[in-house]
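Undergrad: Here you go, my_file24.pdb (PDB, C-alpha atoms):
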MODEL        1
ATOM      1  CA  ASN A 733      14.291 -32.600 -73.574  1.00  0.00           C
ATOM      2  CA  ALA A 734      14.589 -29.268 -71.823  1.00  0.00           C
ATOM      3  CA  GLY A 735      11.383 -27.454 -71.038  1.00  0.00           C
ATOM      4  CA  VAL A 736      10.414 -23.923 -71.941  1.00  0.00           C
ATOM      5  CA  MET A 737      13.075 -21.547 -70.696  1.00  0.00           C
ATOM      6  CA  GLN A 738      12.555 -17.959 -69.710  1.00  0.00           C
ATOM      7  CA  ASN A 739      15.044 -15.355 -68.642  1.00  0.00           C
ATOM      8  CA  PRO A 740      15.568 -13.448 -66.605  1.00  0.00           C
ATOM      9  CA  ARG A 741      13.508 -15.053 -63.848  1.00  0.00           C
ATOM     10  CA  HIS A 742      13.313 -11.763 -61.986  1.00  0.00           C
ATOM     11  CA  LEU A 743      13.635  -8.306 -63.471  1.00  0.00           C
ATOM     12  CA  VAL A 744      13.552  -4.977 -61.673  1.00  0.00           C
ATOM     13  CA  ARG A 745      13.118  -1.778 -63.651  1.00  0.00           C
ATOM     14  CA  ARG A 746      12.501   1.837 -62.767  1.00  0.00           C
ATOM     15  CA  ARG A 747       9.596   3.690 -64.308  1.00  0.00           C
ATOM     16  CA  GLY A 748      10.419   4.775 -67.847  1.00  0.00           C
ATOM     17  CA  GLN A 749      13.000   2.065 -68.507  1.00  0.00           C
ATOM     18  CA  GLU A 750      12.663  -0.766 -71.010  1.00  0.00           C
ATOM     19  CA  ALA A 751      12.095  -4.405 -70.102  1.00  0.00           C
ATOM     20  CA  ARG A 752      13.083  -7.299 -72.384  1.00  0.00           C
ATOM     21  CA  LEU A 753      11.791 -10.758 -71.547  1.00  0.00           C
ATOM     22  CA  ARG A 754      13.121 -13.804 -73.369  1.00  0.00           C
ATOM     23  CA  CYS A 755      11.523 -17.146 -74.063  1.00  0.00           C
ATOM     24  CA  SER A 756      13.129 -20.219 -75.592  1.00  0.00           C
ATOM     25  CA  PRO A 757      10.461 -22.757 -76.547  1.00  0.00           C
ATOM     26  CA  MET A 758      10.824 -26.474 -76.131  1.00  0.00           C
ATOM     27  CA  LYS A 759      12.897 -28.196 -78.801  1.00  0.00           C
ATOM     28  CA  GLY A 760      10.813 -28.775 -81.905  1.00  0.00           C
ATOM     29  CA  HIS A 761       8.151 -26.229 -80.898  1.00  0.00           C
ATOM     30  CA  SER A 762       7.478 -23.421 -83.334  1.00  0.00           C
ATOM     31  CA  HIS A 763       4.467 -21.785 -81.649  1.00  0.00           C
ATOM     32  CA  VAL A 764       4.930 -19.382 -78.745  1.00  0.00           C
ATOM     33  CA  TYR A 765       2.317 -17.704 -76.550  1.00  0.00           C
ATOM     34  CA  TRP A 766       2.797 -14.952 -73.976  1.00  0.00           C
ATOM     35  CA  TYR A 767       0.511 -14.529 -70.946  1.00  0.00           C
ATOM     36  CA  ARG A 768       0.509 -12.022 -68.096  1.00  0.00           C
ATOM     37  CA  GLN A 769      -0.502 -12.844 -64.522  1.00  0.00           C
ATOM     38  CA  LEU A 770      -1.273 -10.004 -62.161  1.00  0.00           C
ATOM     39  CA  PRO A 771      -1.081 -10.730 -58.414  1.00  0.00           C
ATOM     40  CA  GLU A 772      -3.832 -13.145 -57.314  1.00  0.00           C
ATOM     41  CA  GLU A 773      -5.387 -13.240 -60.779  1.00  0.00           C
ATOM     42  CA  GLY A 774      -5.579 -15.714 -63.604  1.00  0.00           C
ATOM     43  CA  LEU A 775      -3.419 -15.620 -66.672  1.00  0.00           C
ATOM     44  CA  LYS A 776      -4.389 -13.249 -69.465  1.00  0.00           C
ATOM     45  CA  PHE A 777      -3.440 -13.959 -73.065  1.00  0.00           C
ATOM     46  CA  MET A 778      -1.234 -11.364 -74.710  1.00  0.00           C
ATOM     47  CA  VAL A 779       0.124 -12.627 -78.028  1.00  0.00           C
ATOM     48  CA  TYR A 780       0.563 -15.770 -80.126  1.00  0.00           C
ATOM     49  CA  LEU A 781       3.518 -16.071 -82.506  1.00  0.00           C
ATOM     50  CA  GLN A 782       4.988 -18.518 -84.924  1.00  0.00           C
ATOM     51  CA  LYS A 783       8.465 -18.166 -86.347  1.00  0.00           C
ATOM     52  CA  GLU A 784       8.723 -14.666 -87.867  1.00  0.00           C
ATOM     53  CA  ASN A 785       4.940 -14.146 -87.699  1.00  0.00           C
ATOM     54  CA  ILE A 786       2.484 -12.655 -85.223  1.00  0.00           C
ATOM     55  CA  ILE A 787      -0.675 -14.771 -85.419  1.00  0.00           C
ATOM     56  CA  ASP A 788      -2.855 -13.140 -82.744  1.00  0.00           C
ATOM     57  CA  GLU A 789      -1.975 -10.028 -80.756  1.00  0.00           C
ATOM     58  CA  SER A 790      -5.482  -9.294 -79.529  1.00  0.00           C
ATOM     59  CA  GLY A 791      -4.358  -9.278 -75.873  1.00  0.00           C
ATOM     60  CA  MET A 792      -1.443  -6.887 -76.293  1.00  0.00           C
ATOM     61  CA  PRO A 793      -1.795  -3.326 -75.002  1.00  0.00           C
ATOM     62  CA  LYS A 794      -1.822  -0.956 -77.956  1.00  0.00           C
ATOM     63  CA  GLU A 795       1.181   1.045 -76.808  1.00  0.00           C
ATOM     64  CA  ARG A 796       4.616   0.255 -75.344  1.00  0.00           C
ATOM     65  CA  PHE A 797       4.335  -3.538 -75.803  1.00  0.00           C
ATOM     66  CA  SER A 798       5.765  -5.528 -78.703  1.00  0.00           C
ATOM     67  CA  ALA A 799       6.711  -9.132 -79.343  1.00  0.00           C
ATOM     68  CA  GLU A 800       8.785 -11.007 -81.867  1.00  0.00           C
ATOM     69  CA  PHE A 801       9.861 -14.567 -82.600  1.00  0.00           C
ATOM     70  CA  PRO A 802      12.728 -14.431 -85.086  1.00  0.00           C
ATOM     71  CA  LYS A 803      13.859 -17.260 -87.327  1.00  0.00           C
ATOM     72  CA  GLU A 804      16.825 -17.810 -85.023  1.00  0.00           C
ATOM     73  CA  GLY A 805      16.882 -17.210 -81.303  1.00  0.00           C
ATOM     74  CA  PRO A 806      14.310 -16.787 -78.560  1.00  0.00           C
ATOM     75  CA  SER A 807      11.016 -14.983 -78.596  1.00  0.00           C
ATOM     76  CA  ILE A 808      11.229 -11.505 -77.058  1.00  0.00           C
ATOM     77  CA  LEU A 809       8.514  -9.576 -75.248  1.00  0.00           C
ATOM     78  CA  ARG A 810       9.515  -5.938 -75.053  1.00  0.00           C
ATOM     79  CA  ILE A 811       7.931  -3.346 -72.806  1.00  0.00           C
ATOM     80  CA  GLN A 812       9.001   0.235 -73.376  1.00  0.00           C
ATOM     81  CA  GLN A 813       8.745   3.014 -70.788  1.00  0.00           C
ATOM     82  CA  VAL A 814       7.522   0.677 -68.066  1.00  0.00           C
ATOM     83  CA  VAL A 815       4.990   1.863 -65.491  1.00  0.00           C
ATOM     84  CA  ARG A 816       4.137   0.408 -62.075  1.00  0.00           C
ATOM     85  CA  GLY A 817       1.036  -1.268 -63.510  1.00  0.00           C
ATOM     86  CA  ASP A 818       3.301  -3.439 -65.674  1.00  0.00           C
ATOM     87  CA  SER A 819       4.514  -5.253 -62.547  1.00  0.00           C
ATOM     88  CA  ALA A 820       3.380  -8.849 -63.021  1.00  0.00           C
ATOM     89  CA  ALA A 821       4.535 -12.343 -63.836  1.00  0.00           C
ATOM     90  CA  TYR A 822       4.944 -12.913 -67.570  1.00  0.00           C
ATOM     91  CA  PHE A 823       4.685 -16.490 -68.766  1.00  0.00           C
ATOM     92  CA  CYS A 824       5.642 -17.936 -72.076  1.00  0.00           C
ATOM     93  CA  ALA A 825       4.201 -21.203 -73.401  1.00  0.00           C
ATOM     94  CA  SER A 826       5.035 -23.232 -76.474  1.00  0.00           C
ATOM     95  CA  SER A 827       3.391 -25.929 -78.559  1.00  0.00           C
ATOM     96  CA  PRO A 828       4.694 -28.074 -81.417  1.00  0.00           C
ATOM     97  CA  ARG A 829       2.547 -26.999 -84.358  1.00  0.00           C
ATOM     98  CA  THR A 830      -0.967 -26.167 -85.481  1.00  0.00           C
ATOM     99  CA  GLY A 831      -3.452 -28.738 -84.277  1.00  0.00           C
ATOM    100  CA  GLU A 832      -1.360 -29.810 -81.293  1.00  0.00           C
ATOM    101  CA  TYR A 833      -3.324 -28.680 -78.295  1.00  0.00           C
ATOM    102  CA  GLU A 834      -1.056 -28.796 -75.281  1.00  0.00           C
ATOM    103  CA  GLN A 835       0.796 -25.635 -74.322  1.00  0.00           C
ATOM    104  CA  PHE A 836       3.822 -26.115 -72.100  1.00  0.00           C
ATOM    105  CA  PHE A 837       4.583 -23.188 -69.810  1.00  0.00           C
ATOM    106  CA  GLY A 838       7.900 -21.773 -68.727  1.00  0.00           C
ATOM    107  CA  PRO A 839       8.709 -20.720 -65.142  1.00  0.00           C
ATOM    108  CA  GLY A 840       7.891 -17.085 -65.851  1.00  0.00           C
ATOM    109  CA  THR A 841       9.630 -13.733 -65.494  1.00  0.00           C
ATOM    110  CA  ARG A 842       8.591 -11.672 -62.524  1.00  0.00           C
ATOM    111  CA  LEU A 843       8.806  -8.003 -63.439  1.00  0.00           C
ATOM    112  CA  THR A 844       8.873  -5.395 -60.704  1.00  0.00           C
ATOM    113  CA  VAL A 845       8.659  -1.736 -61.647  1.00  0.00           C
ATOM    114  CA  LEU A 846       9.876   0.655 -58.964  1.00  0.00           C
TER
ATOM    115  CA  GLN B 317     -18.422 -14.108 -74.260  1.00  0.00           C
ATOM    116  CA  GLN B 318     -14.735 -14.942 -74.030  1.00  0.00           C
ATOM    117  CA  GLN B 319     -14.831 -15.344 -70.256  1.00  0.00           C
ATOM    118  CA  VAL B 320     -14.380 -18.483 -68.249  1.00  0.00           C
ATOM    119  CA  LYS B 321     -15.812 -18.252 -64.745  1.00  0.00           C
ATOM    120  CA  GLN B 322     -14.260 -20.407 -62.034  1.00  0.00           C
ATOM    121  CA  SER B 323     -15.422 -21.184 -58.516  1.00  0.00           C
ATOM    122  CA  PRO B 324     -14.752 -21.346 -55.653  1.00  0.00           C
ATOM    123  CA  GLN B 325     -11.948 -18.849 -55.193  1.00  0.00           C
ATOM    124  CA  SER B 326     -10.463 -20.954 -52.412  1.00  0.00           C
ATOM    125  CA  LEU B 327     -11.079 -24.400 -50.989  1.00  0.00           C
ATOM    126  CA  ILE B 328      -9.879 -26.197 -47.880  1.00  0.00           C
ATOM    127  CA  VAL B 329     -10.220 -29.962 -47.444  1.00  0.00           C
ATOM    128  CA  GLN B 330      -8.816 -32.637 -45.217  1.00  0.00           C
ATOM    129  CA  LYS B 331      -6.449 -35.278 -46.559  1.00  0.00           C
ATOM    130  CA  GLY B 332      -8.455 -37.922 -48.392  1.00  0.00           C
ATOM    131  CA  GLY B 333     -11.271 -35.521 -49.241  1.00  0.00           C
ATOM    132  CA  ILE B 334     -12.554 -34.869 -52.773  1.00  0.00           C
ATOM    133  CA  PRO B 335     -12.273 -31.203 -53.706  1.00  0.00           C
ATOM    134  CA  ILE B 336     -14.395 -30.126 -56.667  1.00  0.00           C
ATOM    135  CA  ILE B 337     -13.651 -27.025 -58.737  1.00  0.00           C
ATOM    136  CA  ASN B 338     -16.199 -25.726 -61.227  1.00  0.00           C
ATOM    137  CA  CYS B 339     -15.939 -23.691 -64.401  1.00  0.00           C
ATOM    138  CA  ALA B 340     -18.510 -22.236 -66.767  1.00  0.00           C
ATOM    139  CA  TYR B 341     -18.143 -20.700 -70.213  1.00  0.00           C
ATOM    140  CA  GLU B 342     -20.275 -18.932 -72.795  1.00  0.00           C
ATOM    141  CA  ASN B 343     -18.408 -19.235 -76.067  1.00  0.00           C
ATOM    142  CA  THR B 344     -19.535 -22.375 -77.902  1.00  0.00           C
ATOM    143  CA  ALA B 345     -16.532 -22.079 -80.224  1.00  0.00           C
ATOM    144  CA  PHE B 346     -14.231 -23.278 -77.429  1.00  0.00           C
ATOM    145  CA  ASP B 347     -12.967 -26.714 -78.445  1.00  0.00           C
ATOM    146  CA  TYR B 348     -10.460 -27.772 -75.777  1.00  0.00           C
ATOM    147  CA  PHE B 349     -10.604 -27.467 -71.993  1.00  0.00           C
ATOM    148  CA  PRO B 350      -7.406 -27.986 -69.979  1.00  0.00           C
ATOM    149  CA  TRP B 351      -6.789 -27.745 -66.258  1.00  0.00           C
ATOM    150  CA  TYR B 352      -3.495 -26.381 -64.987  1.00  0.00           C
ATOM    151  CA  GLN B 353      -1.833 -26.708 -61.580  1.00  0.00           C
ATOM    152  CA  GLN B 354       0.433 -23.941 -60.355  1.00  0.00           C
ATOM    153  CA  PHE B 355       2.705 -23.930 -57.303  1.00  0.00           C
ATOM    154  CA  PRO B 356       3.970 -20.634 -55.839  1.00  0.00           C
ATOM    155  CA  GLY B 357       6.752 -19.142 -57.932  1.00  0.00           C
ATOM    156  CA  LYS B 358       6.315 -21.677 -60.726  1.00  0.00           C
ATOM    157  CA  GLY B 359       4.663 -21.739 -64.122  1.00  0.00           C
ATOM    158  CA  PRO B 360       1.357 -23.549 -64.688  1.00  0.00           C
ATOM    159  CA  ALA B 361       1.643 -27.247 -65.497  1.00  0.00           C
ATOM    160  CA  LEU B 362      -0.953 -29.140 -67.510  1.00  0.00           C
ATOM    161  CA  LEU B 363      -2.855 -31.570 -65.324  1.00  0.00           C
ATOM    162  CA  ILE B 364      -5.574 -33.001 -67.529  1.00  0.00           C
ATOM    163  CA  ALA B 365      -7.610 -31.837 -70.516  1.00  0.00           C
ATOM    164  CA  ILE B 366     -10.845 -32.733 -72.278  1.00  0.00           C
ATOM    165  CA  ARG B 367     -12.586 -32.074 -75.593  1.00  0.00           C
ATOM    166  CA  PRO B 368     -16.310 -31.261 -75.742  1.00  0.00           C
ATOM    167  CA  ASP B 369     -17.261 -34.567 -77.402  1.00  0.00           C
ATOM    168  CA  VAL B 370     -16.360 -36.443 -74.194  1.00  0.00           C
ATOM    169  CA  SER B 371     -18.374 -36.244 -70.945  1.00  0.00           C
ATOM    170  CA  GLU B 372     -15.709 -37.508 -68.571  1.00  0.00           C
ATOM    171  CA  LYS B 373     -11.985 -38.100 -68.520  1.00  0.00           C
ATOM    172  CA  LYS B 374      -9.953 -39.657 -65.751  1.00  0.00           C
ATOM    173  CA  GLU B 375      -6.193 -39.628 -65.237  1.00  0.00           C
ATOM    174  CA  GLY B 376      -4.972 -41.069 -61.969  1.00  0.00           C
ATOM    175  CA  ARG B 377      -6.671 -39.234 -59.118  1.00  0.00           C
ATOM    176  CA  PHE B 378      -7.893 -36.399 -61.363  1.00  0.00           C
ATOM    177  CA  THR B 379     -11.227 -36.464 -63.195  1.00  0.00           C
ATOM    178  CA  ILE B 380     -12.840 -33.895 -65.476  1.00  0.00           C
ATOM    179  CA  SER B 381     -16.610 -33.944 -65.860  1.00  0.00           C
ATOM    180  CA  PHE B 382     -17.938 -32.058 -68.875  1.00  0.00           C
ATOM    181  CA  ASN B 383     -21.537 -30.938 -69.484  1.00  0.00           C
ATOM    182  CA  LYS B 384     -21.735 -29.528 -72.997  1.00  0.00           C
ATOM    183  CA  SER B 385     -25.399 -28.492 -72.838  1.00  0.00           C
ATOM    184  CA  ALA B 386     -24.852 -26.558 -69.608  1.00  0.00           C
ATOM    185  CA  LYS B 387     -21.474 -25.223 -70.792  1.00  0.00           C
ATOM    186  CA  GLN B 388     -19.866 -26.302 -67.548  1.00  0.00           C
ATOM    187  CA  PHE B 389     -16.954 -28.495 -66.581  1.00  0.00           C
ATOM    188  CA  SER B 390     -15.395 -29.470 -63.287  1.00  0.00           C
ATOM    189  CA  LEU B 391     -12.263 -30.986 -61.795  1.00  0.00           C
ATOM    190  CA  HIS B 392     -12.475 -33.640 -59.083  1.00  0.00           C
ATOM    191  CA  ILE B 393      -9.410 -34.690 -57.101  1.00  0.00           C
ATOM    192  CA  MET B 394      -9.844 -38.090 -55.487  1.00  0.00           C
ATOM    193  CA  ASP B 395      -8.051 -38.986 -52.255  1.00  0.00           C
ATOM    194  CA  SER B 396      -6.501 -35.513 -52.031  1.00  0.00           C
ATOM    195  CA  GLN B 397      -3.057 -35.169 -50.489  1.00  0.00           C
ATOM    196  CA  PRO B 398      -1.219 -32.233 -48.866  1.00  0.00           C
ATOM    197  CA  GLY B 399       1.054 -32.195 -51.938  1.00  0.00           C
ATOM    198  CA  ASP B 400      -2.004 -31.280 -54.032  1.00  0.00           C
ATOM    199  CA  SER B 401      -2.113 -27.890 -52.281  1.00  0.00           C
ATOM    200  CA  ALA B 402      -1.698 -25.443 -55.150  1.00  0.00           C
ATOM    201  CA  THR B 403      -3.652 -23.030 -57.346  1.00  0.00           C
ATOM    202  CA  TYR B 404      -5.763 -24.662 -60.030  1.00  0.00           C
ATOM    203  CA  PHE B 405      -6.836 -22.939 -63.226  1.00  0.00           C
ATOM    204  CA  CYS B 406      -9.372 -24.073 -65.741  1.00  0.00           C
ATOM    205  CA  ALA B 407      -8.982 -22.805 -69.274  1.00  0.00           C
ATOM    206  CA  ALA B 408     -10.624 -22.961 -72.671  1.00  0.00           C
ATOM    207  CA  ARG B 409      -9.106 -22.720 -76.107  1.00  0.00           C
ATOM    208  CA  GLY B 410     -10.895 -20.611 -78.675  1.00  0.00           C
ATOM    209  CA  GLY B 411     -11.780 -21.768 -82.133  1.00  0.00           C
ATOM    210  CA  GLY B 412     -11.878 -19.691 -85.278  1.00  0.00           C
ATOM    211  CA  THR B 413      -9.728 -16.582 -85.313  1.00  0.00           C
ATOM    212  CA  SER B 414      -8.779 -17.121 -81.651  1.00  0.00           C
ATOM    213  CA  TYR B 415      -7.284 -20.517 -82.406  1.00  0.00           C
ATOM    214  CA  GLY B 416      -4.397 -21.249 -80.041  1.00  0.00           C
ATOM    215  CA  LYS B 417      -5.269 -18.651 -77.417  1.00  0.00           C
ATOM    216  CA  LEU B 418      -6.178 -19.984 -73.939  1.00  0.00           C
ATOM    217  CA  THR B 419      -8.741 -18.129 -71.827  1.00  0.00           C
ATOM    218  CA  PHE B 420      -8.190 -18.842 -68.135  1.00  0.00           C
ATOM    219  CA  GLY B 421     -10.496 -18.853 -65.166  1.00  0.00           C
ATOM    220  CA  GLN B 422      -9.610 -16.785 -62.127  1.00  0.00           C
ATOM    221  CA  GLY B 423      -8.047 -19.691 -60.236  1.00  0.00           C
ATOM    222  CA  THR B 424      -8.852 -21.704 -57.109  1.00  0.00           C
ATOM    223  CA  ILE B 425      -6.422 -21.894 -54.213  1.00  0.00           C
ATOM    224  CA  LEU B 426      -6.648 -25.424 -52.816  1.00  0.00           C
ATOM    225  CA  THR B 427      -5.343 -26.274 -49.353  1.00  0.00           C
ATOM    226  CA  VAL B 428      -5.273 -29.905 -48.245  1.00  0.00           C
ATOM    227  CA  HIS B 429      -4.705 -30.336 -44.525  1.00  0.00           C
ATOM    228  CA  PRO B 430      -2.846 -33.438 -43.320  1.00  0.00           C
TER
ENDMDL
END
For this file, produce the structure as structure tokens.
TA:
Amino acid sequence: NAGVMQNPRHLVRRRGQEARLRCSPMKGHSHVYWYRQLPEEGLKFMVYLQKENIIDESGMPKERFSAEFPKEGPSILRIQQVVRGDSAAYFCASSPRTGEYEQFFGPGTRLTVL
Amino acid sequence: QQQVKQSPQSLIVQKGGIPIINCAYENTAFDYFPWYQQFPGKGPALLIAIRPDVSEKKEGRFTISFNKSAKQFSLHIMDSQPGDSATYFCAARGGGTSYGKLTFGQGTILTVHP
């Protein structure tokens, strides 16, 4: 059973460009969570999605950031008009269904904004 | 009220020592407390987790102690090994409308000398 997959693993963007981060949950998992880790800090929750629904987006910045988890395909975290402060590691986690506690994390996408 | 405070920030022990990492929380709606281990360049991996109706849980060399009245919990690593050198994060899962979201502590960098 493959783990949570994220791509790309490393992404370099210039200020003002768009960044698209992809997350494929573990097989059978329908809940996806996105977290951001700034250098030498803990992980901060961004958004929690189920298939075709955003359940909790309380950690998402109000502008430039959006997330989706379509019926088919991976979950996408999209950052428009990136700024240097967006440079961080972005982790995706998945869990099987409501009531299942464990979240399994992917290897992360390290975004660098030049 | 959503914070989880973790200490110490860093910890150095000799092989065979018993490092202890502490976490404290305020939100009594938290209902699940996992510990994650993260190696450089990797995603966090679940180590051990506990629910608030249990005071202690042991898995191999890792033990969580939980004090519900004090709203504190800690990780003990018995017979620590150099391979345990990593960053450790405590976390708490919110109940109610924050169901699913993990709130992480700031992390503890553990170094185990041979």
Undergrad: Expressed in Å to a single decimal, how great is the separation between atom CA of A:Glu750 and atom CA of A:Val814?
TA: 6.1 Å
Undergrad: Skip A:Gly760 itself and residues of its chain fewer than 2 positions away, then list as a PDB file with C-alpha atoms, in the coordinates of the input all residues within 7 Å of it, counting all atoms listed in the file.
TA:
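The resulting file, selection_23.pdb, is reproduced below:
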ATOM      1  CA  MET A 758      10.824 -26.474 -76.131  1.00  0.00           C
ATOM      2  CA  SER A 762       7.478 -23.421 -83.334  1.00  0.00           C
ATOM      3  CA  PRO A 828       4.694 -28.074 -81.417  1.00  0.00           C
TER       4      PRO A 828
END
Undergrad: Quick one: residues within 8 Å of stretch 424-427 of chain B, only C-alpha atoms, excluding same-chain residues fewer than 2 positions away - as number ranges by chain?
TA: B: 322-329, 337, 398, 400-405, 422, 429
Undergrad: Evaluate the PyMOL selection byres ((chain B) within 12 of (chain A)) on the structure here and hand back the selected residues as an NGL selection string.
TA: :B and (318-322 or 325-326 or 347-367 or 403-425)
Undergrad: A:Lys783: which residues within 9 Å, counting all atoms listed in the file, same-chain residues fewer than 3 positions away excluded, as a list in words?
TA: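 Residues near the query, excluding close chain neighbours: Ser762, His763, Val764, Ile786, Glu800, Phe801, Pro802, Lys803, Glu804 and Ser807 of chain A.
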Undergrad: Return the padded bounding box of stretch 394-410 of chain B as lines of an AutoDock Vina configuration file: axis-aligned, built from all atoms listed in the file, 5 Å added on each side, with centre and edge lengths in Å to one decimal.
TA:
center_x = -4.9
center_y = -29.8
center_z = -63.8
size_x = 21.9
size_y = 28.4
size_z = 39.8
Undergrad: Taking the file above as input, evaluate the PyMOL selection byres ((chain A and resi 843) around 7) and report the hits as a list in words.
TA: His742, Leu743, Val744, Ser819, Ala820, Ala821, Thr841, Arg842, Thr844 and Val845 of chain A
Undergrad: How far is it from atom CA of B:Thr379 to atom CA of B:Ala340, in Å with one decimal?
TA: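 Calculated distance between atom CA of B:Thr379 and atom CA of B:Ala340 is 16.4 Å.
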Undergrad: When you draw a straight line from atom CA of B:Met394 to atom CA of B:Ile334, how long is it in Å?
TA: 5.0 Å
Undergrad: Could you state which residues are captured by the PyMOL selection byres ((chain B and resi 378) around 7) in this file, as a list of chain:residue names?
TA: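 Selection result, ordered by chain and number: B:Lys374, B:Glu375, B:Gly376, B:Arg377, B:Thr379, B:Ile380, B:Leu391, B:His392, B:Ile393, B:Met394.
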Undergrad: Reconstruct all heavy atoms of stretch 418-425 of chain B; output as a compact mmCIF listing (two decimals), keeping the file's coordinate frame.
TA:
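Written file, part_33.txt:
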# COMPACT_ATOMS: atom_id res chain seq x y z
N LEU B 418 -5.49 -19.42 -75.10
CA LEU B 418 -6.18 -19.98 -73.94
C LEU B 418 -6.80 -18.86 -73.12
O LEU B 418 -6.15 -17.85 -72.84
CB LEU B 418 -5.21 -20.77 -73.06
CG LEU B 418 -4.72 -22.13 -73.57
CD1 LEU B 418 -3.67 -22.70 -72.64
CD2 LEU B 418 -5.88 -23.10 -73.74
N THR B 419 -8.07 -19.04 -72.75
CA THR B 419 -8.74 -18.13 -71.83
C THR B 419 -8.84 -18.83 -70.49
O THR B 419 -9.39 -19.94 -70.40
CB THR B 419 -10.15 -17.78 -72.35
OG1 THR B 419 -10.02 -17.15 -73.62
CG2 THR B 419 -10.85 -16.82 -71.39
N PHE B 420 -8.28 -18.21 -69.45
CA PHE B 420 -8.19 -18.84 -68.14
C PHE B 420 -9.28 -18.36 -67.19
O PHE B 420 -9.72 -17.20 -67.26
CB PHE B 420 -6.83 -18.53 -67.49
CG PHE B 420 -5.70 -19.34 -68.04
CD1 PHE B 420 -5.04 -18.95 -69.19
CD2 PHE B 420 -5.29 -20.50 -67.40
CE1 PHE B 420 -3.99 -19.71 -69.70
CE2 PHE B 420 -4.23 -21.26 -67.90
CZ PHE B 420 -3.59 -20.85 -69.05
N GLY B 421 -9.68 -19.26 -66.29
CA GLY B 421 -10.50 -18.85 -65.17
C GLY B 421 -9.63 -18.13 -64.15
O GLY B 421 -8.41 -18.01 -64.29
N GLN B 422 -10.29 -17.64 -63.09
CA GLN B 422 -9.61 -16.78 -62.13
C GLN B 422 -8.72 -17.55 -61.16
O GLN B 422 -7.92 -16.96 -60.44
CB GLN B 422 -10.64 -15.96 -61.34
CG GLN B 422 -11.47 -15.03 -62.21
CD GLN B 422 -12.73 -15.70 -62.74
OE1 GLN B 422 -12.80 -16.91 -62.93
NE2 GLN B 422 -13.75 -14.88 -62.99
N GLY B 423 -8.89 -18.88 -61.11
CA GLY B 423 -8.05 -19.69 -60.24
C GLY B 423 -8.73 -20.06 -58.94
O GLY B 423 -9.56 -19.31 -58.42
N THR B 424 -8.37 -21.23 -58.41
CA THR B 424 -8.85 -21.70 -57.11
C THR B 424 -7.65 -22.12 -56.29
O THR B 424 -6.84 -22.96 -56.73
CB THR B 424 -9.79 -22.91 -57.27
OG1 THR B 424 -10.95 -22.52 -58.00
CG2 THR B 424 -10.19 -23.48 -55.91
N ILE B 425 -7.51 -21.53 -55.12
CA ILE B 425 -6.42 -21.89 -54.21
C ILE B 425 -6.90 -23.06 -53.36
O ILE B 425 -7.82 -22.91 -52.55
CB ILE B 425 -6.02 -20.70 -53.32
CG1 ILE B 425 -5.58 -19.52 -54.20
CG2 ILE B 425 -4.89 -21.12 -52.37
CD1 ILE B 425 -5.35 -18.24 -53.41
